[in-house]
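What's in my_file-v9.txt: compact mmCIF, C-alpha atoms
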# COMPACT_ATOMS: atom_id res chain seq x y z
CA MET A 1 80.60 74.16 99.89
CA PRO A 2 81.90 76.77 97.52
CA VAL A 3 79.78 79.48 95.98
CA TYR A 4 79.17 78.76 92.30
CA TYR A 5 77.94 81.01 89.53
CA GLU A 6 74.34 79.90 90.16
CA ASP A 7 74.56 80.94 93.81
CA VAL A 8 75.42 84.57 93.14
CA GLU A 9 72.45 86.95 93.28
CA VAL A 10 72.24 90.15 91.31
CA GLY A 11 71.68 93.02 93.71
CA ALA A 12 73.33 91.30 96.67
CA VAL A 13 75.37 93.70 98.80
CA GLU A 14 78.04 92.66 101.29
CA THR A 15 80.23 94.74 103.53
CA HIS A 16 83.43 93.54 105.09
CA GLY A 17 86.62 94.42 106.77
CA SER A 18 88.74 96.55 108.96
CA TYR A 19 92.12 96.98 107.31
CA GLU A 20 94.51 99.24 109.19
CA VAL A 21 96.74 101.21 106.87
CA THR A 22 100.16 101.59 108.46
CA ARG A 23 102.82 104.09 107.53
CA GLU A 24 105.33 101.27 107.22
CA GLU A 25 103.18 99.41 104.69
CA VAL A 26 102.41 102.57 102.70
CA LEU A 27 106.13 103.22 102.38
CA SER A 28 107.20 99.66 101.63
CA PHE A 29 104.55 99.12 98.94
CA ALA A 30 105.37 102.43 97.27
CA GLU A 31 109.13 101.97 97.43
CA ARG A 32 108.79 98.71 95.51
CA TYR A 33 105.94 99.42 93.08
CA ASP A 34 105.16 103.14 92.92
CA PRO A 35 108.21 105.18 93.98
CA GLN A 36 106.76 108.62 93.36
CA TRP A 37 107.77 111.15 96.02
CA PHE A 38 104.23 111.83 97.25
CA HIS A 39 104.06 108.15 98.22
CA THR A 40 107.61 107.64 99.51
CA ASP A 41 108.95 110.90 100.97
CA PRO A 42 106.98 111.99 104.06
CA ASP A 43 108.87 115.28 104.50
CA ARG A 44 108.52 116.44 100.91
CA ALA A 45 104.91 115.26 100.85
CA ALA A 46 104.12 117.33 103.94
CA GLU A 47 105.68 120.43 102.40
CA GLN A 48 104.89 120.23 98.70
CA SER A 49 102.17 117.75 97.93
CA PRO A 50 98.70 118.98 97.02
CA TYR A 51 97.48 116.23 99.34
CA GLY A 52 99.13 117.78 102.40
CA GLY A 53 101.08 114.71 103.41
CA LEU A 54 101.97 111.15 102.60
CA ILE A 55 99.29 109.16 100.76
CA ALA A 56 99.11 105.52 99.76
CA SER A 57 99.76 104.45 96.17
CA GLY A 58 96.49 103.93 94.35
CA TRP A 59 97.71 100.44 93.50
CA HIS A 60 98.24 99.79 97.17
CA THR A 61 94.64 100.85 97.84
CA ALA A 62 93.50 98.50 95.06
CA ALA A 63 95.57 95.68 96.56
CA MET A 64 94.18 96.23 100.07
CA THR A 65 90.69 96.25 98.56
CA MET A 66 91.45 92.94 96.87
CA ARG A 67 92.58 91.46 100.17
CA LEU A 68 89.23 92.40 101.70
CA LEU A 69 87.37 90.96 98.70
CA VAL A 70 89.20 87.65 98.99
CA GLU A 71 88.47 87.47 102.73
CA SER A 72 84.82 88.34 102.32
CA GLN A 73 83.84 86.21 99.37
CA LEU A 74 86.43 84.95 96.94
CA SER A 75 88.00 82.51 99.39
CA ASP A 76 84.70 80.59 99.48
CA ALA A 77 83.91 80.94 95.81
CA ALA A 78 84.53 78.67 92.83
CA THR A 79 86.33 81.36 90.86
CA VAL A 80 89.22 81.20 88.44
CA GLY A 81 90.31 84.81 88.38
CA ALA A 82 89.04 87.97 86.71
CA LYS A 83 88.64 88.77 83.05
CA GLY A 84 89.28 92.38 83.79
CA VAL A 85 88.44 95.36 85.95
CA ASP A 86 86.92 98.63 84.82
CA GLU A 87 86.68 102.16 86.14
CA LEU A 88 89.20 102.23 88.94
CA ARG A 89 88.64 105.58 90.65
CA TRP A 90 90.65 107.08 93.48
CA LEU A 91 88.25 109.48 95.12
CA VAL A 92 89.84 110.51 98.42
CA PRO A 93 93.47 110.05 99.47
CA VAL A 94 94.23 107.05 101.69
CA ARG A 95 96.61 107.96 104.50
CA PRO A 96 98.58 106.13 107.16
CA GLY A 97 96.28 105.55 110.12
CA ASP A 98 93.16 105.02 108.01
CA THR A 99 91.00 101.93 108.48
CA LEU A 100 89.39 100.56 105.33
CA ARG A 101 86.34 98.45 104.65
CA ILE A 102 84.59 97.44 101.45
CA GLU A 103 81.07 97.23 100.14
CA ASN A 104 80.51 94.89 97.22
CA GLU A 105 77.38 94.94 95.06
CA VAL A 106 76.60 92.40 92.34
CA LEU A 107 75.56 94.34 89.23
CA GLU A 108 74.94 91.61 86.67
CA LYS A 109 75.69 88.04 85.62
CA ASN A 110 76.47 86.61 82.22
CA ALA A 111 76.78 82.86 81.62
CA ASP A 112 79.11 83.26 78.69
CA GLN A 113 80.52 79.73 78.59
CA PRO A 114 79.15 76.24 79.34
CA GLU A 115 81.49 75.74 82.26
CA ARG A 116 81.59 79.25 83.68
CA GLY A 117 80.06 82.69 83.81
CA VAL A 118 81.08 86.25 84.58
CA VAL A 119 79.85 88.13 87.64
CA ARG A 120 80.12 91.90 87.31
CA ALA A 121 80.29 93.67 90.67
CA ARG A 122 81.10 97.14 91.95
CA THR A 123 83.38 97.33 94.94
CA ARG A 124 83.60 100.54 96.96
CA THR A 125 86.21 101.11 99.61
CA TYR A 126 85.45 103.36 102.59
CA ASN A 127 87.62 104.87 105.30
CA GLN A 128 86.79 105.28 109.00
CA GLU A 129 84.99 108.55 108.23
CA ASP A 130 82.64 106.71 105.84
CA GLU A 131 84.17 108.51 102.89
CA SER A 132 84.26 106.50 99.69
CA VAL A 133 87.98 106.49 98.90
CA PHE A 134 88.07 104.10 95.93
CA SER A 135 85.78 102.18 93.62
CA MET A 136 86.12 99.69 90.80
CA ILE A 137 83.99 97.30 88.76
CA GLY A 138 85.29 93.75 88.54
CA ASN A 139 84.38 90.99 86.09
CA VAL A 140 85.06 87.76 87.94
CA MET A 141 84.85 84.30 86.35
CA TYR A 142 82.80 81.85 88.44
CA LEU A 143 82.55 78.15 87.66
CA ARG A 144 79.06 76.78 87.02
CA ARG A 145 77.96 73.99 89.32
CA ASP A 146 77.14 71.60 86.53
CA GLY A 147 79.81 72.83 84.15
CA GLU A 148 82.10 70.27 82.58
CA MET U 149 113.66 119.64 84.06
CA PRO U 150 110.42 117.80 84.61
CA VAL U 151 108.01 116.89 81.85
CA TYR U 152 104.90 119.07 82.03
CA TYR U 153 101.52 118.65 80.41
CA GLU U 154 102.62 120.77 77.44
CA ASP U 155 105.57 118.46 76.78
CA VAL U 156 103.52 115.31 76.32
CA GLU U 157 102.82 114.39 72.70
CA VAL U 158 99.76 112.49 71.60
CA GLY U 159 100.87 109.38 69.72
CA ALA U 160 104.23 109.13 71.47
CA VAL U 161 105.23 105.53 72.22
CA GLU U 162 107.84 104.46 74.73
CA THR U 163 109.06 101.04 75.70
CA HIS U 164 110.88 100.25 78.90
CA GLY U 165 112.01 97.65 81.29
CA SER U 166 113.16 94.22 82.19
CA TYR U 167 111.37 93.14 85.36
CA GLU U 168 112.17 89.62 86.50
CA VAL U 169 109.21 87.94 88.13
CA THR U 170 110.44 85.71 90.93
CA ARG U 171 108.55 82.90 92.59
CA GLU U 172 109.30 84.45 95.97
CA GLU U 173 107.73 87.77 95.00
CA VAL U 174 104.69 86.12 93.38
CA LEU U 175 104.04 84.25 96.62
CA SER U 176 104.71 87.13 99.01
CA PHE U 177 102.51 89.60 97.12
CA ALA U 178 99.66 87.09 96.87
CA GLU U 179 99.89 85.96 100.49
CA ARG U 180 99.38 89.55 101.60
CA TYR U 181 96.94 90.95 99.02
CA ASP U 182 95.38 88.15 96.96
CA PRO U 183 95.50 84.86 98.89
CA GLN U 184 93.63 82.72 96.38
CA TRP U 185 95.08 79.21 96.04
CA PHE U 186 96.03 79.56 92.37
CA HIS U 187 98.36 82.41 93.43
CA THR U 188 99.65 80.99 96.73
CA ASP U 189 99.71 77.16 96.58
CA PRO U 190 102.18 75.88 93.97
CA ASP U 191 101.27 72.20 94.45
CA ARG U 192 97.51 72.64 94.17
CA ALA U 193 98.01 75.08 91.28
CA ALA U 194 100.09 72.50 89.39
CA GLU U 195 97.42 69.84 89.88
CA GLN U 196 94.11 71.68 89.71
CA SER U 197 94.43 75.11 88.20
CA PRO U 198 93.20 75.74 84.66
CA TYR U 199 96.44 77.71 84.28
CA GLY U 200 98.61 74.63 84.81
CA GLY U 201 100.68 76.10 87.61
CA LEU U 202 101.29 79.06 89.86
CA ILE U 203 100.43 82.46 88.34
CA ALA U 204 100.92 85.99 89.64
CA SER U 205 98.01 87.93 91.08
CA GLY U 206 96.61 90.32 88.50
CA TRP U 207 97.14 93.12 91.00
CA HIS U 208 100.78 92.12 91.26
CA THR U 209 101.07 92.37 87.49
CA ALA U 210 99.45 95.81 87.65
CA ALA U 211 101.86 96.85 90.41
CA MET U 212 104.93 95.64 88.47
CA THR U 213 103.62 97.53 85.44
CA MET U 214 103.32 100.65 87.57
CA ARG U 215 106.90 100.26 88.72
CA LEU U 216 108.05 100.20 85.10
CA LEU U 217 105.88 103.23 84.30
CA VAL U 218 107.39 105.22 87.16
CA GLU U 219 110.91 104.29 86.07
CA SER U 220 110.31 105.11 82.44
CA GLN U 221 108.44 108.38 82.69
CA LEU U 222 106.62 109.33 85.85
CA SER U 223 109.78 109.90 87.87
CA ASP U 224 110.70 112.77 85.52
CA ALA U 225 107.18 114.12 85.16
CA ALA U 226 105.30 116.88 86.93
CA THR U 227 102.40 114.62 87.86
CA VAL U 228 100.16 114.52 90.87
CA GLY U 229 98.67 111.05 90.56
CA ALA U 230 95.95 109.50 88.45
CA LYS U 231 92.28 110.32 88.26
CA GLY U 232 91.54 106.74 87.45
CA VAL U 233 92.40 103.76 85.30
CA ASP U 234 90.12 101.99 82.82
CA GLU U 235 89.98 98.62 81.16
CA LEU U 236 92.47 96.54 83.09
CA ARG U 237 92.77 93.30 81.12
CA TRP U 238 94.75 90.24 82.06
CA LEU U 239 95.41 88.53 78.76
CA VAL U 240 98.00 85.84 79.42
CA PRO U 241 99.06 84.42 82.82
CA VAL U 242 102.24 85.87 84.33
CA ARG U 243 104.41 83.15 85.85
CA PRO U 244 107.55 82.96 87.98
CA GLY U 245 110.54 83.25 85.68
CA ASP U 246 108.89 85.68 83.28
CA THR U 247 110.57 88.96 82.36
CA LEU U 248 108.23 91.90 81.79
CA ARG U 249 108.51 95.12 79.83
CA ILE U 250 105.99 97.81 79.00
CA GLU U 251 104.96 99.83 75.99
CA ASN U 252 103.17 103.10 76.71
CA GLU U 253 101.24 105.06 74.09
CA VAL U 254 99.73 108.51 74.65
CA LEU U 255 96.15 108.41 73.38
CA GLU U 256 94.85 111.89 74.14
CA LYS U 257 95.26 114.99 76.28
CA ASN U 258 92.66 117.15 77.96
CA ALA U 259 93.55 120.42 79.69
CA ASP U 260 90.63 120.25 82.06
CA GLN U 261 91.86 122.75 84.66
CA PRO U 262 93.94 125.94 84.56
CA GLU U 263 96.77 124.40 86.55
CA ARG U 264 96.72 120.87 85.17
CA GLY U 265 95.55 118.50 82.49
CA VAL U 266 94.86 114.82 82.03
CA VAL U 267 96.98 112.58 79.81
CA ARG U 268 95.20 109.40 78.72
CA ALA U 269 97.61 106.62 77.80
CA ARG U 270 97.43 102.90 77.12
CA THR U 271 100.06 100.76 78.76
CA ARG U 272 100.67 97.23 77.52
CA THR U 273 102.84 94.76 79.39
CA TYR U 274 104.72 92.06 77.48
CA ASN U 275 106.59 88.95 78.57
CA GLN U 276 109.86 87.57 77.19
CA GLU U 277 107.94 85.77 74.42
CA ASP U 278 106.52 89.12 73.24
CA GLU U 279 103.06 88.08 74.36
CA SER U 280 100.87 90.91 75.61
CA VAL U 281 100.05 89.77 79.13
CA PHE U 282 98.24 92.86 80.47
CA SER U 283 96.90 96.21 79.36
CA MET U 284 95.25 99.22 80.93
CA ILE U 285 94.35 102.81 80.12
CA GLY U 286 95.49 105.40 82.65
CA ASN U 287 94.33 108.98 83.14
CA VAL U 288 97.27 110.77 84.71
CA MET U 289 97.17 114.35 85.99
CA TYR U 290 100.07 116.45 84.73
CA LEU U 291 100.79 119.97 85.94
CA ARG U 292 100.81 122.72 83.31
CA ARG U 293 104.04 124.63 83.04
CA ASP U 294 102.43 128.01 83.52
CA GLY U 295 99.71 126.79 85.86
CA GLU U 296 99.22 128.60 89.13

Starting from the coordinates I provided, produce the structure as structure tokens.
Amino acid sequence: MPVYYEDVEVGAVETHGSYEVTREEVLSFAERYDPQWFHTDPDRAAEQSPYGGLIASGWHTAAMTMRLLVESQLSDAATVGAKGVDELRWLVPVRPGDTLRIENEVLEKNADQPERGVVRARTRTYNQEDESVFSMIGNVMYLRRDGE
Amino acid sequence: MPVYYEDVEVGAVETHGSYEVTREEVLSFAERYDPQWFHTDPDRAAEQSPYGGLIASGWHTAAMTMRLLVESQLSDAATVGAKGVDELRWLVPVRPGDTLRIENEVLEKNADQPERGVVRARTRTYNQEDESVFSMIGNVMYLRRDGE
């Protein structure tokens, strides 16, 4: 049975995932959506980038985080998308070879409409060294169980 | 010559792009990064979704917007990534067959370090009907021309 608005608990924390970041995926995402040289040119990145080598596009990190969120909770939830996301922060570079996981914490709920409500949650993404590499605050629309 | 921090003007507005959103790309992005049924299952989306059909993942819309931003300005700019992005808002569904363009407006500048500064800019994405489908506020790090 899907998770409805009423089932979400403020303060609940869930961790999930083990996403392996491959060099091939870093390059293919960046070539299509974020073709800046520090994401697409390994040789130049190694020589000239302040990051000391190739790093993933921040949008790629956000997308991988979303994949983990869908796996961990959204696939079982009665949701209809997000109203918006706030405070995307890229804290530590994500590099080929990293393994990512997420921690999601429900911050607040707001039943703004008869048929649905908004769940505000902070998602933090960690690498295999337990460094927080990325965080964001999502506002996801959940259906209410008795909503019409 | 690249665009440095000093070259960016507060209030400057640029428009760019003509990105065709294909059904194939909507499905392939969502299957990998956002496999929720209203992004990946055209039949169920047509029957059950409040959006009346298949829509692009919001992260896909953000990624396409980034592509247009890189083409229009970041590829010629002395930037080293973004500190963060605020207020991502998905305003109107993006659907297969849409054509997207962006409008970017520089809101403020802040020379927070000797060697670089932050340019805060709002990017709005429009479809072929001139509807604003997405907006966000980015904080991009530009190198200063005389920075060491």

message: I'd like to know which of A:Leu27, A:Ile102, A:Val10, A:Val140 is closest to Asp41 (chain A), using only C-alpha atoms.
response: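 When distances to Asp41 (chain A) are compared using only C-alpha atoms, the smallest one comes from A:Leu27.
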
- request: Using all atoms listed in the file, determine which residues of chain A fall within 9 Å of chain U; present them as a ChimeraX atom specification.
  value: /A:30,32-38,49-50,57-60,62-71,74-75,80-91

- prompt: Do you know which residues are at most 9 Å from Pro190 (chain U) counting all atoms listed in the file, after dropping those on the same chain fewer than 6 positions away, and could you put them as number ranges by chain?
  reply: U: 175, 201-203

message: For region 273-278 of chain U, find every residue with an atom within 6 Å (counting all atoms listed in the file), except residues of its own chain fewer than 5 positions away, and show them as a ChimeraX atom specification.
response: /U:247-250

- prompt: For Thr123 (chain A), which of A:Glu24, A:Glu14, A:Asp146, A:Asp98 is the closest residue, counting all atoms listed in the file?
  reply: A:Glu14

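CA of Val169 (chain U) to CA of Glu279 (chain U) spans 15.1 Å [interatomic distance, one decimal].
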
message: Report, in Å to a single decimal, how far apart CA of Arg192 (chain U) and CA of Val8 (chain A) are.
response: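 Answer for the CA of Val8 (chain A) to CA of Arg192 (chain U) separation: 25.1 Å.
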
message: Could you list, as a ChimeraX atom specification, every residue within 8 Å of Ala78 (chain A), counting all atoms listed in the file and ignoring same-chain residues fewer than 5 positions away?
response: /A:2-5,142-143

- prompt: For the atom pair CA of Val13 (chain A) and CA of Asn139 (chain A), what is the interatomic distance in Å to one decimal place?
  reply: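 CA of Asn139 (chain A) lies 15.8 Å from CA of Val13 (chain A).
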
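Each of A:Ala56, A:Val133, A:Val119, A:Ala111 was checked against Gly97 (chain A) using all atoms listed in the file; the smallest atom-to-atom distance is that of A:Ala56.
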